[in-house]
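Okay, query-v1.cif now, which holds mmCIF, C-alpha atoms:
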data_start
loop_
_atom_site.label_atom_id
_atom_site.label_comp_id
_atom_site.auth_asym_id
_atom_site.auth_seq_id
_atom_site.Cartn_x
_atom_site.Cartn_y
_atom_site.Cartn_z
CA MET A 1 0.00 0.00 0.00
CA ALA A 2 1.37 3.42 -0.94
CA ALA A 3 2.40 5.77 1.82
CA PRO A 4 -0.03 8.65 2.51
CA PHE A 5 0.61 11.98 0.85
CA ASP A 6 2.20 14.90 2.67
CA PHE A 7 -0.82 16.99 1.69
CA ASP A 8 -4.19 16.26 0.17
CA ALA A 9 -3.94 19.33 -2.05
CA THR A 10 -1.24 21.80 -3.05
CA VAL A 11 -2.05 25.17 -4.61
CA VAL A 12 0.55 27.16 -6.54
CA GLY A 13 -0.01 30.89 -6.07
CA ALA A 14 -1.17 32.84 -3.00
CA GLY A 15 -3.11 35.55 -4.75
CA ALA A 16 -6.85 35.95 -4.27
CA VAL A 17 -7.78 33.04 -6.56
CA GLY A 18 -5.15 30.63 -5.25
CA LEU A 19 -6.12 31.39 -1.65
CA ALA A 20 -9.82 31.02 -2.49
CA CYS A 21 -9.05 27.61 -4.02
CA GLY A 22 -7.13 26.68 -0.87
CA ARG A 23 -10.01 27.77 1.32
CA ALA A 24 -12.58 25.83 -0.70
CA LEU A 25 -10.47 22.68 -0.51
CA SER A 26 -9.87 23.19 3.23
CA ARG A 27 -13.61 23.51 3.81
CA ARG A 28 -13.98 20.02 2.36
CA GLY A 29 -11.73 18.61 5.04
CA LEU A 30 -8.53 18.38 2.98
CA SER A 31 -5.05 19.21 4.23
CA VAL A 32 -3.90 22.10 2.04
CA LEU A 33 -0.55 23.68 1.23
CA VAL A 34 -0.40 26.98 -0.68
CA LEU A 35 2.96 27.89 -2.23
CA GLU A 36 3.92 31.47 -3.06
CA LYS A 37 7.19 32.51 -4.69
CA GLU A 38 7.04 36.10 -3.40
CA PRO A 39 7.88 37.09 0.20
CA HIS A 40 4.22 37.98 0.91
CA ILE A 41 0.82 36.81 -0.25
CA GLY A 42 -1.03 38.75 -2.96
CA GLN A 43 1.98 40.49 -4.47
CA GLY A 44 1.10 39.89 -8.13
CA VAL A 45 -2.09 40.57 -10.07
CA SER A 46 -4.11 40.62 -6.83
CA SER A 47 -2.25 43.65 -5.46
CA ARG A 48 -2.29 45.76 -8.62
CA ASN A 49 -5.92 46.24 -9.57
CA SER A 50 -8.87 48.52 -8.88
CA GLU A 51 -10.18 46.62 -5.83
CA VAL A 52 -13.61 46.87 -7.44
CA ILE A 53 -16.41 44.41 -6.70
CA HIS A 54 -17.94 43.95 -10.15
CA GLY A 55 -21.66 43.42 -10.58
CA GLY A 56 -21.30 41.10 -13.59
CA LEU A 57 -22.70 43.40 -16.26
CA TYR A 58 -20.55 42.87 -19.32
CA TYR A 59 -19.72 39.21 -19.78
CA PRO A 60 -21.20 36.92 -22.44
CA THR A 61 -24.19 34.86 -21.33
CA GLY A 62 -23.19 31.36 -20.29
CA SER A 63 -19.51 32.25 -19.91
CA LEU A 64 -17.53 31.38 -16.80
CA LYS A 65 -16.88 35.10 -16.33
CA ALA A 66 -20.62 35.85 -16.21
CA LYS A 67 -21.39 32.90 -13.92
CA PHE A 68 -18.46 33.30 -11.55
CA CYS A 69 -18.70 37.09 -11.33
CA VAL A 70 -22.34 37.08 -10.21
CA GLU A 71 -21.93 34.08 -7.88
CA GLY A 72 -18.59 35.33 -6.59
CA ARG A 73 -19.84 38.84 -5.95
CA ARG A 74 -22.76 37.60 -3.85
CA ALA A 75 -20.49 35.30 -1.87
CA LEU A 76 -17.84 38.01 -1.52
CA TYR A 77 -20.13 40.53 0.17
CA ASP A 78 -21.23 37.86 2.66
CA PHE A 79 -17.61 36.89 3.31
CA LEU A 80 -16.42 40.48 3.78
CA GLU A 81 -19.31 41.29 6.09
CA SER A 82 -18.87 38.22 8.28
CA ARG A 83 -15.07 38.63 8.52
CA LYS A 84 -15.25 42.40 9.10
CA VAL A 85 -13.13 43.17 6.05
CA ASP A 86 -13.46 46.81 4.96
CA HIS A 87 -15.74 47.29 1.97
CA TRP A 88 -18.24 49.76 0.54
CA LYS A 89 -21.17 48.94 -1.71
CA CYS A 90 -21.02 52.37 -3.33
CA GLY A 91 -22.77 51.49 -6.58
CA LYS A 92 -21.66 52.14 -10.13
CA LEU A 93 -22.77 54.31 -13.02
CA VAL A 94 -22.08 53.15 -16.57
CA VAL A 95 -22.29 56.43 -18.44
CA ALA A 96 -23.12 57.39 -22.01
CA THR A 97 -21.02 60.52 -22.40
CA GLU A 98 -22.64 61.40 -25.73
CA ASP A 99 -25.80 60.44 -27.60
CA ALA A 100 -23.88 57.95 -29.76
CA GLU A 101 -23.10 55.88 -26.65
CA VAL A 102 -26.68 55.52 -25.41
CA GLU A 103 -27.30 52.45 -27.56
CA ARG A 104 -24.04 50.89 -26.33
CA ILE A 105 -25.02 51.14 -22.68
CA GLU A 106 -28.47 49.76 -23.47
CA VAL A 107 -26.75 46.64 -24.84
CA ILE A 108 -24.84 46.40 -21.53
CA PHE A 109 -28.13 46.72 -19.60
CA GLN A 110 -29.68 43.85 -21.53
CA GLN A 111 -26.54 41.71 -21.10
CA ALA A 112 -26.46 42.40 -17.37
CA THR A 113 -30.14 41.55 -16.99
CA THR A 114 -29.61 38.26 -18.82
CA ASN A 115 -26.65 37.54 -16.51
CA GLY A 116 -28.88 37.87 -13.45
CA VAL A 117 -27.47 41.14 -12.12
CA GLU A 118 -29.92 42.54 -9.58
CA ASN A 119 -31.47 45.98 -9.06
CA LEU A 120 -30.29 47.65 -12.27
CA GLU A 121 -31.84 50.98 -13.23
CA HIS A 122 -32.00 53.06 -16.37
CA LEU A 123 -31.21 56.72 -15.64
CA THR A 124 -31.64 59.79 -17.79
CA GLY A 125 -28.77 62.23 -17.93
CA ALA A 126 -30.60 64.48 -15.48
CA GLN A 127 -31.15 61.61 -13.03
CA ALA A 128 -27.48 60.62 -13.23
CA ARG A 129 -26.39 64.24 -12.60
CA ALA A 130 -28.78 64.42 -9.64
CA LEU A 131 -26.75 61.59 -8.08
CA GLU A 132 -23.35 62.93 -9.19
CA PRO A 133 -23.61 66.65 -10.06
CA GLU A 134 -20.16 66.96 -11.70
CA LEU A 135 -20.87 64.14 -14.16
CA ASN A 136 -21.30 64.53 -17.90
CA ALA A 137 -24.00 62.00 -18.78
CA HIS A 138 -26.55 61.74 -21.59
CA ALA A 139 -27.88 58.56 -19.96
CA ALA A 140 -26.59 55.98 -17.50
CA ILE A 141 -27.08 52.56 -15.95
CA LEU A 142 -27.04 52.36 -12.16
CA SER A 143 -25.68 49.12 -10.71
CA PRO A 144 -26.21 49.32 -6.93
CA GLU A 145 -24.47 45.96 -6.35
CA SER A 146 -21.01 47.20 -7.40
CA GLY A 147 -18.50 48.35 -4.81
CA VAL A 148 -14.92 48.53 -3.57
CA PHE A 149 -13.08 46.59 -0.90
CA ASP A 150 -9.79 45.94 0.87
CA SER A 151 -8.32 43.15 -1.24
CA HIS A 152 -5.37 42.62 1.12
CA GLY A 153 -7.66 42.29 4.12
CA TYR A 154 -9.68 39.80 2.10
CA MET A 155 -6.62 37.70 1.24
CA LEU A 156 -5.45 37.74 4.85
CA ALA A 157 -8.87 36.45 5.88
CA LEU A 158 -8.63 33.64 3.29
CA GLN A 159 -5.15 32.75 4.57
CA GLY A 160 -6.49 32.69 8.11
CA GLU A 161 -9.24 30.25 7.20
CA ILE A 162 -6.78 27.90 5.50
CA GLU A 163 -4.50 27.98 8.53
CA ASP A 164 -7.38 27.61 10.98
CA ALA A 165 -8.30 24.41 9.12
CA GLY A 166 -4.78 23.05 9.63
CA GLY A 167 -3.38 24.07 6.26
CA ALA A 168 -0.27 26.10 5.50
CA VAL A 169 0.50 29.11 3.32
CA VAL A 170 4.24 29.24 2.64
CA VAL A 171 5.87 32.32 1.07
CA SER A 172 9.29 32.64 -0.60
CA ALA A 173 8.63 29.11 -1.84
CA PRO A 174 8.74 28.96 -5.65
CA PHE A 175 7.25 25.97 -7.42
CA GLU A 176 10.06 24.29 -9.36
CA GLY A 177 8.28 21.32 -10.89
CA ALA A 178 6.08 18.27 -10.42
CA GLU A 179 5.92 14.70 -11.64
CA VAL A 180 2.95 12.36 -11.61
CA LEU A 181 3.48 9.49 -9.18
CA PRO A 182 2.93 5.92 -10.42
CA GLY A 183 -0.14 5.36 -8.26
CA GLY A 184 -1.56 8.84 -8.78
CA GLY A 185 -0.82 12.13 -7.10
CA PHE A 186 2.22 14.34 -7.53
CA SER A 187 5.77 14.71 -6.37
CA ILE A 188 6.43 18.44 -6.09
CA ARG A 189 9.73 20.31 -5.91
CA VAL A 190 9.81 23.58 -3.98
CA GLY A 191 12.71 26.03 -4.16
CA GLY A 192 13.85 28.89 -1.97
CA GLU A 193 15.81 28.77 1.26
CA GLY A 194 13.62 25.98 2.57
CA ALA A 195 13.89 23.90 -0.61
CA MET A 196 12.10 20.59 -0.28
CA ALA A 197 10.25 17.83 -2.06
CA LEU A 198 6.74 16.80 -1.06
CA THR A 199 3.85 14.70 -2.26
CA SER A 200 0.29 15.80 -2.83
CA ARG A 201 -2.79 13.96 -4.04
CA LEU A 202 -4.17 17.03 -5.85
CA LEU A 203 -2.49 20.01 -7.50
CA VAL A 204 -3.98 23.38 -8.43
CA THR A 205 -2.02 25.98 -10.36
CA ALA A 206 -3.27 29.56 -9.95
CA PRO A 207 -0.13 31.69 -10.27
CA GLY A 208 -1.52 34.53 -12.39
CA LEU A 209 1.12 35.82 -14.77
CA SER A 210 3.20 32.64 -14.31
CA ALA A 211 0.42 30.22 -15.32
CA GLN A 212 2.05 29.15 -18.58
CA GLU A 213 5.51 28.85 -17.02
CA VAL A 214 4.20 26.72 -14.16
CA ALA A 215 2.31 24.41 -16.52
CA GLY A 216 5.55 23.88 -18.42
CA LEU A 217 7.23 22.67 -15.21
CA ILE A 218 4.75 19.80 -14.76
CA GLU A 219 6.06 16.63 -16.34
CA GLY A 220 3.68 15.32 -18.98
CA TYR A 221 1.65 18.50 -19.29
CA PRO A 222 0.87 18.76 -23.02
CA ALA A 223 2.33 21.90 -24.55
CA ALA A 224 -0.64 22.10 -26.90
CA ASP A 225 -2.93 22.69 -23.91
CA VAL A 226 -1.02 25.77 -22.72
CA PRO A 227 -2.60 28.92 -24.17
CA ALA A 228 -0.43 31.79 -25.35
CA ARG A 229 0.23 34.50 -22.77
CA HIS A 230 -0.18 38.22 -23.43
CA LEU A 231 0.67 40.92 -20.92
CA GLY A 232 -1.86 43.75 -20.66
CA LYS A 233 -0.45 46.68 -18.71
CA GLY A 234 -2.69 49.26 -17.10
CA VAL A 235 -1.62 52.35 -15.17
CA TYR A 236 -3.47 54.39 -12.55
CA PHE A 237 -3.43 58.06 -11.63
CA ARG A 238 -4.51 59.38 -8.24
CA LEU A 239 -6.44 62.63 -7.89
CA THR A 240 -5.19 65.29 -5.49
CA GLY A 241 -7.85 67.18 -3.58
CA ALA A 242 -11.52 66.34 -3.11
CA ALA A 243 -12.97 63.30 -4.85
CA PRO A 244 -15.64 64.38 -7.38
CA PHE A 245 -17.91 61.32 -7.21
CA ASN A 246 -19.00 58.77 -4.62
CA ARG A 247 -20.01 56.04 -7.05
CA LEU A 248 -17.84 54.13 -9.46
CA ILE A 249 -17.95 55.84 -12.88
CA TYR A 250 -17.41 53.76 -16.02
CA PRO A 251 -17.68 54.91 -19.63
CA PRO A 252 -18.55 52.18 -22.18
CA PRO A 253 -15.86 49.45 -22.43
CA ILE A 254 -12.91 49.62 -24.80
CA PRO A 255 -11.81 46.60 -26.89
CA GLY A 256 -10.25 44.02 -24.57
CA ALA A 257 -10.97 45.78 -21.26
CA LEU A 258 -13.48 47.90 -19.35
CA GLY A 259 -11.57 51.12 -19.99
CA THR A 260 -10.26 53.88 -17.76
CA HIS A 261 -12.75 54.36 -14.96
CA TYR A 262 -13.08 56.23 -11.67
CA ARG A 263 -13.33 55.00 -8.13
CA LYS A 264 -13.32 56.65 -4.74
CA ASP A 265 -11.12 54.39 -2.67
CA LEU A 266 -11.71 53.38 0.94
CA GLY A 267 -9.46 56.25 2.05
CA GLY A 268 -11.69 58.76 0.27
CA GLN A 269 -9.38 59.61 -2.64
CA GLY A 270 -10.26 59.55 -6.32
CA VAL A 271 -8.35 57.12 -8.54
CA PHE A 272 -8.52 56.75 -12.34
CA GLY A 273 -7.45 53.73 -14.39
CA PRO A 274 -6.46 51.39 -15.75
CA ASP A 275 -5.79 52.04 -19.39
CA LEU A 276 -4.55 49.14 -21.55
CA ALA A 277 -1.28 48.69 -23.41
CA TYR A 278 0.20 45.37 -24.48
CA VAL A 279 3.80 44.93 -23.28
CA GLU A 280 6.51 42.30 -23.61
CA THR A 281 7.94 42.45 -20.08
CA GLU A 282 6.70 43.00 -16.53
CA ASP A 283 7.34 46.72 -16.25
CA TYR A 284 5.41 48.47 -13.47
CA SER A 285 6.60 52.02 -14.12
CA VAL A 286 4.08 54.82 -14.65
CA ASP A 287 4.99 57.54 -17.15
CA PRO A 288 3.93 60.92 -15.69
CA ALA A 289 3.48 62.20 -19.24
CA LYS A 290 0.42 59.95 -19.55
CA ALA A 291 -1.47 62.42 -17.35
CA GLU A 292 -2.40 64.44 -20.46
CA GLU A 293 -3.86 61.38 -22.17
CA PHE A 294 -5.75 60.41 -19.01
CA ALA A 295 -7.16 63.92 -18.62
CA ARG A 296 -8.48 63.91 -22.20
CA TYR A 297 -10.22 60.58 -21.61
CA ILE A 298 -11.60 61.54 -18.19
CA ARG A 299 -13.07 64.81 -19.52
CA ARG A 300 -15.59 62.71 -21.41
CA PHE A 301 -17.37 61.99 -18.13
CA TRP A 302 -15.85 64.64 -15.82
CA PRO A 303 -15.23 67.93 -17.62
CA GLY A 304 -13.80 69.45 -14.43
CA VAL A 305 -10.59 67.42 -14.35
CA THR A 306 -7.26 69.20 -14.71
CA VAL A 307 -3.93 67.63 -15.58
CA GLU A 308 -2.31 69.24 -12.55
CA ARG A 309 -4.50 67.20 -10.18
CA LEU A 310 -3.45 63.83 -11.65
CA THR A 311 -0.51 62.13 -9.92
CA PRO A 312 1.11 58.88 -11.17
CA ASP A 313 0.08 56.08 -8.80
CA TYR A 314 0.75 52.45 -9.76
CA ALA A 315 0.55 49.95 -12.59
CA GLY A 316 -0.81 46.43 -12.94
CA ILE A 317 -0.31 43.72 -15.53
CA ARG A 318 -3.10 41.34 -16.46
CA PRO A 319 -2.55 37.77 -17.68
CA LYS A 320 -4.45 38.04 -20.93
CA LEU A 321 -5.03 35.17 -23.35
CA HIS A 322 -5.63 37.48 -26.30
CA GLY A 323 -3.58 40.08 -28.08
CA ALA A 324 -4.56 43.47 -29.44
CA GLY A 325 -7.54 43.28 -31.77
CA GLU A 326 -8.37 39.67 -30.85
CA PRO A 327 -11.62 38.53 -29.20
CA GLN A 328 -11.48 38.46 -25.41
CA PRO A 329 -11.67 34.81 -24.25
CA ASP A 330 -13.22 33.34 -21.13
CA PHE A 331 -11.51 32.17 -17.96
CA GLN A 332 -9.87 28.80 -18.59
CA LEU A 333 -9.95 26.05 -15.96
CA HIS A 334 -8.17 23.04 -17.40
CA GLY A 335 -8.85 19.71 -15.73
CA ALA A 336 -7.96 16.15 -16.70
CA ALA A 337 -10.43 16.20 -19.61
CA ARG A 338 -8.18 18.83 -21.22
CA HIS A 339 -4.64 17.81 -20.27
CA GLY A 340 -5.03 14.16 -19.23
CA LEU A 341 -3.42 14.47 -15.78
CA GLU A 342 -5.79 13.26 -13.06
CA GLY A 343 -5.91 15.38 -9.94
CA LEU A 344 -4.59 18.55 -11.61
CA MET A 345 -6.49 21.78 -12.23
CA ALA A 346 -4.59 24.49 -14.15
CA LEU A 347 -6.01 28.01 -14.33
CA PHE A 348 -5.19 30.38 -17.19
CA GLY A 349 -6.24 33.92 -18.05
CA ILE A 350 -7.68 34.79 -14.65
CA GLU A 351 -7.87 38.55 -15.12
CA SER A 352 -10.80 40.88 -14.42
CA PRO A 353 -13.29 39.97 -12.97
CA GLY A 354 -11.08 37.36 -11.29
CA LEU A 355 -10.89 39.14 -7.94
CA THR A 356 -14.68 39.46 -7.66
CA SER A 357 -15.06 35.89 -8.96
CA SER A 358 -12.43 34.33 -6.69
CA LEU A 359 -14.70 32.57 -4.19
CA ALA A 360 -16.80 31.11 -7.02
CA ILE A 361 -13.69 29.99 -8.89
CA GLY A 362 -12.40 28.32 -5.73
CA GLU A 363 -15.68 26.45 -5.27
CA ALA A 364 -15.69 25.30 -8.90
CA VAL A 365 -12.13 24.01 -8.63
CA ALA A 366 -12.85 22.17 -5.38
CA GLN A 367 -16.06 20.65 -6.75
CA SER A 368 -14.21 19.42 -9.82
CA LEU A 369 -11.36 17.82 -7.87
CA VAL A 370 -13.18 16.48 -4.83
CA GLN A 371 -15.89 13.94 -5.51
CA THR A 372 -18.58 14.23 -2.84
#
Whole structure, structure tokens version:
Amino acid sequence: MAAPFDFDATVVGAGAVGLACGRALSRRGLSVLVLEKEPHIGQGVSSRNSEVIHGGLYYPTGSLKAKFCVEGRRALYDFLESRKVDHWKCGKLVVATEDAEVERIEVIFQQATTNGVENLEHLTGAQARALEPELNAHAAILSPESGVFDSHGYMLALQGEIEDAGGAVVVSAPFEGAEVLPGGGFSIRVGGEGAMALTSRLLVTAPGLSAQEVAGLIEGYPAADVPARHLGKGVYFRLTGAAPFNRLIYPPPIPGALGTHYRKDLGGQGVFGPDLAYVETEDYSVDPAKAEEFARYIRRFWPGVTVERLTPDYAGIRPKLHGAGEPQPDFQLHGAARHGLEGLMALFGIESPGLTSSLAIGEAVAQSLVQT
């Protein structure tokens, strides 16, 4: 009889999605190890985003993004409330900044309704300005279910639940490879100062930007099943002085992303971003000269912005599966039916709305791997 495994399940990546997968597996009674190459949890995609709780408005009907965003958002509010993690259901306005955009936001309204998003309202321009007097709006959609939250507090709460269940989250522990064991399960090599080898019955890879690299380190993983990686960089500018709006403000989406939008963060400051530029390397610099471009875009919905009030803030890079001008694909959760390796779930292209969707993604991964 084979010796028992060191862990029932190992998760590669301690961002929001990896930790949510670890939590979901822990809640099913499994011993869980989460490996993170960085010195702290949530240092990648999960730390460089808008911290927005998305309603689920935009995504194609029947897609994983539509399903997981709505389910994940409902679960996320309950989780944040019960764990006392800071959040604010501020609501969101999707704004037609000119008459030509009214039809575009009506399409979004119909898509959101089909996706099961609750409590949506059509607003005239006057109604939208009554809510946000500095707004330029010819019409708008109000999504009361959208909000903002403390993503780091959320990830710490997920880590706490894994550890409370007897699991472990280990940082500075890069995944260096895995082989399938003869009787099933995996032998996993971990680098770093505490380099070690361990065995695990199940393996989940959720390392964000490193998803393709990690898949390539698993012996027997078919190269044909690894989708191409594209890096989508977005930068943010912070507003000095008083924040002009309480609600999230979104113009209609741009190709491949939701476009540069506004949020009032939990500290009360206005933040704009992200834009989208495809890059070849992980470069997190923010060019101050982009303030002019941002100001031109922002004036569509807030004519009162001035370049002088925009300060470079931070940048994020999204693990996209499509390049410029290509259709935006769905989340990809590859199980044995795709790659042929029993007990392995590999996640690719978990970008927006991945943070909002994280609890739902974790549940789907756990349900797929754990037969109940």
Name all residues at most 12 Å from A:Phe294 (count only C-alpha atoms; drop same-chain ones fewer than 5 positions away) and give them as a count of residues only. 31
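Proximity to A:Tyr278 at 7 Å, evaluated using all atoms listed in the file and with sequence-adjacent residues fewer than 6 positions away removed, yields Leu231, Gly232 and Lys233 of chain A.
Comparing A:Ala243, A:Val365, A:Ile108, A:Val204 by their smallest distance to A:Asp265, the closest is A:Ala243 (using only C-alpha atoms).
Each of A:Thr240, A:Ser50, A:Thr124, A:Thr199 was checked against A:Gly270 using only C-alpha atoms; the smallest atom-to-atom distance is that of A:Thr240.
Of the residues under consideration (A:Ala242, A:Pro251, A:Tyr77, A:Ala223), A:Pro251 shows the shortest atom-to-atom contact distance to A:Ile141 when counting all atoms listed in the file.
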Residue members of the PyMOL selection byres ((chain A and resi 342-349) around 6) in the file shown, as number ranges by chain: A: 202-206, 211, 319-321, 331-336, 341, 350-351
Please evaluate the PyMOL selection byres ((chain A and resi 184) around 10) against the structure above and give the resulting residues as a list in words. Ala2, Glu179, Val180, Leu181, Pro182, Gly183, Gly185, Phe186, Ser187, Ser200, Arg201, Leu202, Leu341, Glu342 and Gly343 of chain A
Same residues, C-alpha atoms, output as a PDB file, in the frame of the given file:
ATOM      1  CA  ALA A   2       1.370   3.420  -0.940  1.00  0.00           C
ATOM      2  CA  GLU A 179       5.920  14.700 -11.640  1.00  0.00           C
ATOM      3  CA  VAL A 180       2.950  12.360 -11.610  1.00  0.00           C
ATOM      4  CA  LEU A 181       3.480   9.490  -9.180  1.00  0.00           C
ATOM      5  CA  PRO A 182       2.930   5.920 -10.420  1.00  0.00           C
ATOM      6  CA  GLY A 183      -0.140   5.360  -8.260  1.00  0.00           C
ATOM      7  CA  GLY A 185      -0.820  12.130  -7.100  1.00  0.00           C
ATOM      8  CA  PHE A 186       2.220  14.340  -7.530  1.00  0.00           C
ATOM      9  CA  SER A 187       5.770  14.710  -6.370  1.00  0.00           C
ATOM     10  CA  SER A 200       0.290  15.800  -2.830  1.00  0.00           C
ATOM     11  CA  ARG A 201      -2.790  13.960  -4.040  1.00  0.00           C
ATOM     12  CA  LEU A 202      -4.170  17.030  -5.850  1.00  0.00           C
ATOM     13  CA  LEU A 341      -3.420  14.470 -15.780  1.00  0.00           C
ATOM     14  CA  GLU A 342      -5.790  13.260 -13.060  1.00  0.00           C
ATOM     15  CA  GLY A 343      -5.910  15.380  -9.940  1.00  0.00           C
TER      16      GLY A 343
END
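When only C-alpha atoms are used to measure the gap to A:Leu156, the shortest distance among A:Ile298, A:His40, A:Ala130, A:Arg263 belongs to A:His40.
Separating atom CA of A:Met155 from atom CA of A:Ala178 is a distance of 26.0 Å.
In this model, the gap between atom CA of A:Val148 and atom CA of A:Ile249 comes to 12.2 Å.
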May I have the residues within 7 Å of A:Gly191 as a PDB file with C-alpha atoms, in the coordinates of the input, using only C-alpha atoms and disregarding those fewer than 6 positions away in the same chain?
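What follows is the written file around_10.pdb:
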ATOM      1  CA  ALA A 173       8.630  29.110  -1.840  1.00  0.00           C
ATOM      2  CA  PRO A 174       8.740  28.960  -5.650  1.00  0.00           C
ATOM      3  CA  PHE A 175       7.250  25.970  -7.420  1.00  0.00           C
ATOM      4  CA  GLU A 176      10.060  24.290  -9.360  1.00  0.00           C
TER       5      GLU A 176
END
Starting from the shown file, work through the PyMOL selection byres ((chain A and resi 62-72) around 9) and note down what comes out as a PyMOL selection string. chain A and resi 53-61+73-77+112+115-117+330-332+352-361+364
Residue with smallest distance to A:Thr97 - pool A:Tyr250, A:Gly241, A:Gly22, A:Asp78, counting all atoms listed in the file: A:Tyr250
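Note that the spacing between atom CA of A:Ala128 and atom CA of A:Glu293 amounts to 25.3 Å.
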Missing atoms in stretch 73-79 of chain A: fill them in up to all heavy atoms and send the result as a PDB file, keeping the file's coordinate frame.
ATOM      1  N   ARG A  73     -19.516  37.563  -6.575  1.00  0.00           N
ATOM      2  CA  ARG A  73     -19.840  38.840  -5.950  1.00  0.00           C
ATOM      3  C   ARG A  73     -20.799  38.667  -4.781  1.00  0.00           C
ATOM      4  O   ARG A  73     -20.621  39.248  -3.702  1.00  0.00           O
ATOM      5  CB  ARG A  73     -20.438  39.772  -7.010  1.00  0.00           C
ATOM      6  CG  ARG A  73     -20.772  41.161  -6.493  1.00  0.00           C
ATOM      7  CD  ARG A  73     -22.266  41.398  -6.495  1.00  0.00           C
ATOM      8  NE  ARG A  73     -22.834  41.175  -7.809  1.00  0.00           N
ATOM      9  CZ  ARG A  73     -24.121  40.905  -8.004  1.00  0.00           C
ATOM     10  NH1 ARG A  73     -24.942  40.787  -6.981  1.00  0.00           N
ATOM     11  NH2 ARG A  73     -24.600  40.716  -9.222  1.00  0.00           N
ATOM     12  N   ARG A  74     -21.828  37.834  -4.955  1.00  0.00           N
ATOM     13  CA  ARG A  74     -22.760  37.600  -3.850  1.00  0.00           C
ATOM     14  C   ARG A  74     -22.059  36.967  -2.661  1.00  0.00           C
ATOM     15  O   ARG A  74     -22.256  37.372  -1.508  1.00  0.00           O
ATOM     16  CB  ARG A  74     -23.903  36.712  -4.340  1.00  0.00           C
ATOM     17  CG  ARG A  74     -24.801  37.371  -5.379  1.00  0.00           C
ATOM     18  CD  ARG A  74     -25.745  36.366  -6.003  1.00  0.00           C
ATOM     19  NE  ARG A  74     -26.606  36.978  -7.023  1.00  0.00           N
ATOM     20  CZ  ARG A  74     -27.265  36.303  -7.952  1.00  0.00           C
ATOM     21  NH1 ARG A  74     -27.166  34.970  -8.002  1.00  0.00           N
ATOM     22  NH2 ARG A  74     -28.016  36.933  -8.827  1.00  0.00           N
ATOM     23  N   ALA A  75     -21.221  35.973  -2.945  1.00  0.00           N
ATOM     24  CA  ALA A  75     -20.490  35.300  -1.870  1.00  0.00           C
ATOM     25  C   ALA A  75     -19.478  36.241  -1.222  1.00  0.00           C
ATOM     26  O   ALA A  75     -19.240  36.190  -0.010  1.00  0.00           O
ATOM     27  CB  ALA A  75     -19.782  34.065  -2.413  1.00  0.00           C
ATOM     28  N   LEU A  76     -18.874  37.119  -2.026  1.00  0.00           N
ATOM     29  CA  LEU A  76     -17.840  38.010  -1.520  1.00  0.00           C
ATOM     30  C   LEU A  76     -18.406  38.997  -0.502  1.00  0.00           C
ATOM     31  O   LEU A  76     -17.810  39.218   0.563  1.00  0.00           O
ATOM     32  CB  LEU A  76     -17.181  38.753  -2.683  1.00  0.00           C
ATOM     33  CG  LEU A  76     -16.018  39.691  -2.352  1.00  0.00           C
ATOM     34  CD1 LEU A  76     -14.903  38.960  -1.626  1.00  0.00           C
ATOM     35  CD2 LEU A  76     -15.483  40.348  -3.624  1.00  0.00           C
ATOM     36  N   TYR A  77     -19.545  39.602  -0.796  1.00  0.00           N
ATOM     37  CA  TYR A  77     -20.130  40.530   0.170  1.00  0.00           C
ATOM     38  C   TYR A  77     -20.419  39.820   1.493  1.00  0.00           C
ATOM     39  O   TYR A  77     -20.159  40.368   2.583  1.00  0.00           O
ATOM     40  CB  TYR A  77     -21.413  41.149  -0.381  1.00  0.00           C
ATOM     41  CG  TYR A  77     -21.191  42.332  -1.294  1.00  0.00           C
ATOM     42  CD1 TYR A  77     -21.668  42.325  -2.599  1.00  0.00           C
ATOM     43  CD2 TYR A  77     -20.514  43.473  -0.849  1.00  0.00           C
ATOM     44  CE1 TYR A  77     -21.474  43.424  -3.444  1.00  0.00           C
ATOM     45  CE2 TYR A  77     -20.314  44.560  -1.682  1.00  0.00           C
ATOM     46  CZ  TYR A  77     -20.796  44.530  -2.978  1.00  0.00           C
ATOM     47  OH  TYR A  77     -20.595  45.611  -3.808  1.00  0.00           O
ATOM     48  N   ASP A  78     -20.953  38.608   1.425  1.00  0.00           N
ATOM     49  CA  ASP A  78     -21.230  37.860   2.660  1.00  0.00           C
ATOM     50  C   ASP A  78     -19.939  37.581   3.423  1.00  0.00           C
ATOM     51  O   ASP A  78     -19.886  37.711   4.652  1.00  0.00           O
ATOM     52  CB  ASP A  78     -21.932  36.532   2.332  1.00  0.00           C
ATOM     53  CG  ASP A  78     -23.363  36.723   1.865  1.00  0.00           C
ATOM     54  OD1 ASP A  78     -23.927  37.810   2.100  1.00  0.00           O
ATOM     55  OD2 ASP A  78     -23.918  35.786   1.258  1.00  0.00           O
ATOM     56  N   PHE A  79     -18.894  37.203   2.683  1.00  0.00           N
ATOM     57  CA  PHE A  79     -17.610  36.890   3.310  1.00  0.00           C
ATOM     58  C   PHE A  79     -17.026  38.140   3.974  1.00  0.00           C
ATOM     59  O   PHE A  79     -16.588  38.109   5.135  1.00  0.00           O
ATOM     60  CB  PHE A  79     -16.645  36.348   2.251  1.00  0.00           C
ATOM     61  CG  PHE A  79     -15.301  35.935   2.787  1.00  0.00           C
ATOM     62  CD1 PHE A  79     -15.063  34.617   3.146  1.00  0.00           C
ATOM     63  CD2 PHE A  79     -14.269  36.859   2.924  1.00  0.00           C
ATOM     64  CE1 PHE A  79     -13.821  34.221   3.641  1.00  0.00           C
ATOM     65  CE2 PHE A  79     -13.027  36.476   3.411  1.00  0.00           C
ATOM     66  CZ  PHE A  79     -12.812  35.151   3.775  1.00  0.00           C
TER      67      PHE A  79
END
